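Notes follow the structure.
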Amino acid sequence: MDIGLVGLGKMGGNMRTRLRNAGHTVVGYDRNPEVADVDSLAAMVDRLPAPRVVWVMVPAGDPTRDTIRDLGELLGEGDLVVDGGNSKWTDDQANAELLATKGIGFVDCGVSGGVWGLQNGYALMCGGTDDDVAKAQPAFDALKPDEGGFVHAGQQPGAGHFAKMVHNGIEYAIMQSYAEGWELLEKTDLVDNVAEVFDSWRSGTVIRSWLLDLLVAALEEDTHLEKIAGYAEDSGEGRWTVEAAIENAVPMNVIAASLFARFTSRQDDSPAMKAIAAMRNQFGGHAVRTEAPPGGDVSS
């Protein structure tokens with residue numbers, strides 16, 4: 001098939017390569033002319049035969065909304081836009097309605113696989129009508145792993161990104177569990193080979209996973225993770241997962257806690273922990289730590 005691809009960053013660039021390796025013709029556009037095949041969205045659209053399929057892989061929010069709005073002016077009836085970024089599902093509903101007024105189809109597709117997707121394939125979760133999904137199916141087949149990894153999550157716009165959002169929320173919780181387990185093992189003097197313990201869990205245990213493989217790889221490079229700052233961003237999906245849990249009255253204790261742990265990681269000296277230390281000192285006389293005075297020691 002012929003397909004346009006907007007956004008040729010780490011994921012988009014590798015997706016273009018994987019599609020081409022499968023025999024598809026890809027016309028890629030990116031604001032960086034060094035990686036783009038054409039110099040504008042209009043030029044990309046002009047090179048595609050009708051009905052056109054354009055896959056968007058740009059940052060969520062305004063960049064995606066603006067790109068889809070621009071494509072709405074360039075594409076025509078029977079064409080299709082696939083949003084493969086990390087958009088919030090509510091954006092999908094608005095984008096689908098905008099394009100529908102011009103007879104342009106819309107599919108939202110959550111994509112997982114990161115920088116390894118070129119080699120291993122991408123897990124794809126899409127939302128949209130059967131007809132629209134069918135138009136992009138050759139691309140889905142080329143991008144997904146050899147076995148499994150693709151799901152048509154629902155007919156409504158947003159179904160794919162909602163599924164990917166929950167996937168990322170679960171990812172937050174699994175990563176937090178591994179991280180807390182690593183910290184406890186590191187903290188004690190009982191276990192000598194923490195990295196080897198994690199490596200042993202990769203075979204024959206119920207907690208083996210690709211995330212565990214990646215943690216072991218990181219520990220092989222830096223056994224005590226001394227080169228890495230204890231700071232973790234959240235890309236949005238964790239927050240949206242917790243928000244959706246609140247809206248639907250679904251208890252989500254572990255995923256919510258893993259999201260808040262990331263917020264804690266951004267504080268050099270947690271204000272909340274200061275308040276807790278102060279209260280513990282007030283009701284129980286528990287020791288508090290203070291900054292060392294000039295030339296003196298920290299009190300405790």
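Just so we're on the same page: first chain in the structure tokens is A, next is B, and so on; residues restart at 1 for each chain, and ligands are numbered from 1 in the order they show up.
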Please tabulate, as a Markdown table, the residues of segment 87-165 of chain A that come within 12 Å of segment 243-252 of chain A, each with its closest pair of atoms and the distance in Å to one decimal, counting only C-alpha atoms and ordering rows by chain, then residue number upward.
```
| residue | atom | partner | partner_atom | distance |
| --- | --- | --- | --- | --- |
| A:Lys88 | CA | A:Ala244 | CA | 10.9 |
| A:Trp89 | CA | A:Ala244 | CA | 10.6 |
| A:Thr90 | CA | A:Ala244 | CA | 11.1 |
| A:Phe162 | CA | A:Ala244 | CA | 9.3 |
| A:Ala163 | CA | A:Ala244 | CA | 11.6 |
| A:Met165 | CA | A:Ala244 | CA | 9.7 |
```
File of the preceding selection, N, CA and C atoms, as a PDB file, in the first residue's frame:
```pdb
ATOM      1  N   LYS A  88      -5.006  11.667  24.013  1.00  0.00           N
ATOM      2  CA  LYS A  88      -6.069  11.282  24.948  1.00  0.00           C
ATOM      3  C   LYS A  88      -7.298  10.895  24.141  1.00  0.00           C
ATOM      4  N   TRP A  89      -8.028   9.903  24.626  1.00  0.00           N
ATOM      5  CA  TRP A  89      -9.153   9.375  23.846  1.00  0.00           C
ATOM      6  C   TRP A  89     -10.210  10.431  23.563  1.00  0.00           C
ATOM      7  N   THR A  90     -10.355  11.409  24.435  1.00  0.00           N
ATOM      8  CA  THR A  90     -11.345  12.459  24.180  1.00  0.00           C
ATOM      9  C   THR A  90     -10.953  13.314  22.982  1.00  0.00           C
ATOM     10  N   PHE A 162      -7.660   4.554  24.508  1.00  0.00           N
ATOM     11  CA  PHE A 162      -8.086   4.239  25.876  1.00  0.00           C
ATOM     12  C   PHE A 162      -7.430   2.934  26.331  1.00  0.00           C
ATOM     13  N   ALA A 163      -7.405   1.941  25.425  1.00  0.00           N
ATOM     14  CA  ALA A 163      -6.752   0.677  25.757  1.00  0.00           C
ATOM     15  C   ALA A 163      -5.259   0.888  26.003  1.00  0.00           C
ATOM     16  N   MET A 165      -3.853   3.624  27.011  1.00  0.00           N
ATOM     17  CA  MET A 165      -3.730   4.376  28.258  1.00  0.00           C
ATOM     18  C   MET A 165      -3.719   3.429  29.455  1.00  0.00           C
TER      19      MET A 165
END
```
Excluding segment 126-133 of chain A and its own-chain neighbours fewer than 3 positions away, which residues fall within 10 Å of it when counting only C-alpha atoms? Please give them as a short mmCIF file (atom, residue, chain, number, x, y, z; two decimals) with C-alpha atoms, in the first residue's frame.
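Saved result, around-v9.cif, follows:
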```
data_model
loop_
_atom_site.label_atom_id
_atom_site.label_comp_id
_atom_site.auth_asym_id
_atom_site.auth_seq_id
_atom_site.Cartn_x
_atom_site.Cartn_y
_atom_site.Cartn_z
CA VAL A 53 -4.10 6.92 4.13
CA GLY A 78 -12.87 8.48 1.34
CA ASP A 79 -9.42 9.27 2.69
CA LEU A 80 -8.26 8.14 6.14
CA VAL A 81 -6.21 9.58 9.00
CA VAL A 82 -4.62 7.30 11.61
CA ASP A 83 -3.45 8.92 14.84
CA GLY A 84 -0.71 6.67 16.21
CA TRP A 89 -9.15 9.37 23.85
CA ASP A 92 -9.91 11.23 19.22
CA ALA A 96 -13.09 12.05 14.27
CA ILE A 104 -12.61 11.60 5.92
CA GLY A 105 -12.27 8.50 8.07
CA PHE A 106 -10.39 8.35 11.35
CA VAL A 107 -8.68 5.56 13.30
CA ASP A 108 -6.91 6.02 16.62
CA CYS A 109 -4.10 3.59 17.27
CA GLY A 110 -2.18 3.16 20.50
CA VAL A 111 1.36 2.02 19.68
CA ALA A 136 -5.13 0.62 7.18
CA GLN A 137 -4.91 -3.14 7.84
CA PRO A 138 -1.91 -3.72 5.52
CA PHE A 140 -1.07 -2.75 10.83
CA PHE A 150 -2.82 -6.32 17.18
CA VAL A 151 -6.33 -5.64 18.42
CA HIS A 152 -9.29 -3.74 17.04
CA ALA A 153 -10.32 -2.54 20.49
CA GLY A 154 -13.65 -0.98 19.57
CA GLN A 155 -15.78 0.73 16.95
CA GLN A 156 -15.86 4.10 18.68
CA PRO A 157 -13.11 6.69 18.22
CA GLY A 158 -10.84 6.61 21.24
CA ALA A 159 -11.14 2.88 21.96
CA GLY A 160 -7.56 2.25 20.87
CA HIS A 161 -5.99 5.08 22.81
CA PHE A 162 -8.09 4.24 25.88
CA ALA A 163 -6.75 0.68 25.76
CA LYS A 164 -3.19 1.97 25.35
#
```
Residues of segment 109-138 of chain A in helix (DSSP H, G or I) according to DSSP, as a PDB file with N, CA and C atoms, in the first residue's frame?
```
ATOM      1  N   GLY A 114       8.335   1.163  21.510  1.00  0.00           N
ATOM      2  CA  GLY A 114       9.492   2.023  21.683  1.00  0.00           C
ATOM      3  C   GLY A 114      10.534   1.833  20.602  1.00  0.00           C
ATOM      4  N   VAL A 115      11.784   1.993  20.987  1.00  0.00           N
ATOM      5  CA  VAL A 115      12.875   1.921  20.017  1.00  0.00           C
ATOM      6  C   VAL A 115      13.112   0.491  19.540  1.00  0.00           C
ATOM      7  N   TRP A 116      12.528  -0.498  20.227  1.00  0.00           N
ATOM      8  CA  TRP A 116      12.697  -1.890  19.834  1.00  0.00           C
ATOM      9  C   TRP A 116      11.680  -2.336  18.783  1.00  0.00           C
ATOM     10  N   GLY A 117      10.731  -1.471  18.457  1.00  0.00           N
ATOM     11  CA  GLY A 117       9.671  -1.860  17.543  1.00  0.00           C
ATOM     12  C   GLY A 117      10.141  -2.212  16.148  1.00  0.00           C
ATOM     13  N   LEU A 118      11.193  -1.546  15.676  1.00  0.00           N
ATOM     14  CA  LEU A 118      11.702  -1.829  14.336  1.00  0.00           C
ATOM     15  C   LEU A 118      12.085  -3.295  14.215  1.00  0.00           C
ATOM     16  N   GLN A 119      12.717  -3.813  15.236  1.00  0.00           N
ATOM     17  CA  GLN A 119      13.176  -5.206  15.212  1.00  0.00           C
ATOM     18  C   GLN A 119      12.076  -6.178  15.619  1.00  0.00           C
ATOM     19  N   ASN A 120      11.347  -5.857  16.691  1.00  0.00           N
ATOM     20  CA  ASN A 120      10.403  -6.812  17.278  1.00  0.00           C
ATOM     21  C   ASN A 120       8.968  -6.633  16.822  1.00  0.00           C
ATOM     22  N   ASP A 130     -15.117  -0.755  11.247  1.00  0.00           N
ATOM     23  CA  ASP A 130     -14.508  -1.880  10.524  1.00  0.00           C
ATOM     24  C   ASP A 130     -13.959  -1.429   9.175  1.00  0.00           C
ATOM     25  N   ASP A 131     -14.716  -0.596   8.463  1.00  0.00           N
ATOM     26  CA  ASP A 131     -14.280  -0.158   7.134  1.00  0.00           C
ATOM     27  C   ASP A 131     -13.001   0.671   7.208  1.00  0.00           C
ATOM     28  N   ASP A 132     -12.932   1.571   8.181  1.00  0.00           N
ATOM     29  CA  ASP A 132     -11.744   2.416   8.294  1.00  0.00           C
ATOM     30  C   ASP A 132     -10.526   1.598   8.714  1.00  0.00           C
ATOM     31  N   VAL A 133     -10.721   0.679   9.652  1.00  0.00           N
ATOM     32  CA  VAL A 133      -9.614  -0.166  10.088  1.00  0.00           C
ATOM     33  C   VAL A 133      -9.105  -1.015   8.927  1.00  0.00           C
ATOM     34  N   ALA A 134     -10.035  -1.500   8.093  1.00  0.00           N
ATOM     35  CA  ALA A 134      -9.644  -2.337   6.950  1.00  0.00           C
ATOM     36  C   ALA A 134      -8.751  -1.572   5.973  1.00  0.00           C
ATOM     37  N   LYS A 135      -8.985  -0.284   5.822  1.00  0.00           N
ATOM     38  CA  LYS A 135      -8.160   0.510   4.898  1.00  0.00           C
ATOM     39  C   LYS A 135      -6.696   0.558   5.343  1.00  0.00           C
ATOM     40  N   ALA A 136      -6.489   0.533   6.650  1.00  0.00           N
ATOM     41  CA  ALA A 136      -5.130   0.619   7.180  1.00  0.00           C
ATOM     42  C   ALA A 136      -4.571  -0.742   7.574  1.00  0.00           C
ATOM     43  N   GLN A 137      -5.335  -1.822   7.371  1.00  0.00           N
ATOM     44  CA  GLN A 137      -4.906  -3.138   7.842  1.00  0.00           C
ATOM     45  C   GLN A 137      -3.557  -3.587   7.285  1.00  0.00           C
ATOM     46  N   PRO A 138      -3.249  -3.324   6.005  1.00  0.00           N
ATOM     47  CA  PRO A 138      -1.914  -3.722   5.521  1.00  0.00           C
ATOM     48  C   PRO A 138      -0.782  -3.076   6.316  1.00  0.00           C
TER      49      PRO A 138
END
```
**OP:** Within 10 Å of Glu73 of chain A, counting only C-alpha atoms, which residues show up once you throw out same-chain ones fewer than 6 positions away? Write them as a ChimeraX atom specification, please.
**Re:** /A:42,99,102
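Remark: for Ala50 of chain A, the closest of the candidate residues A:Gly85, A:Pro63, A:Gly4, A:Gly13 is A:Gly4 (distances computed over only C-alpha atoms).
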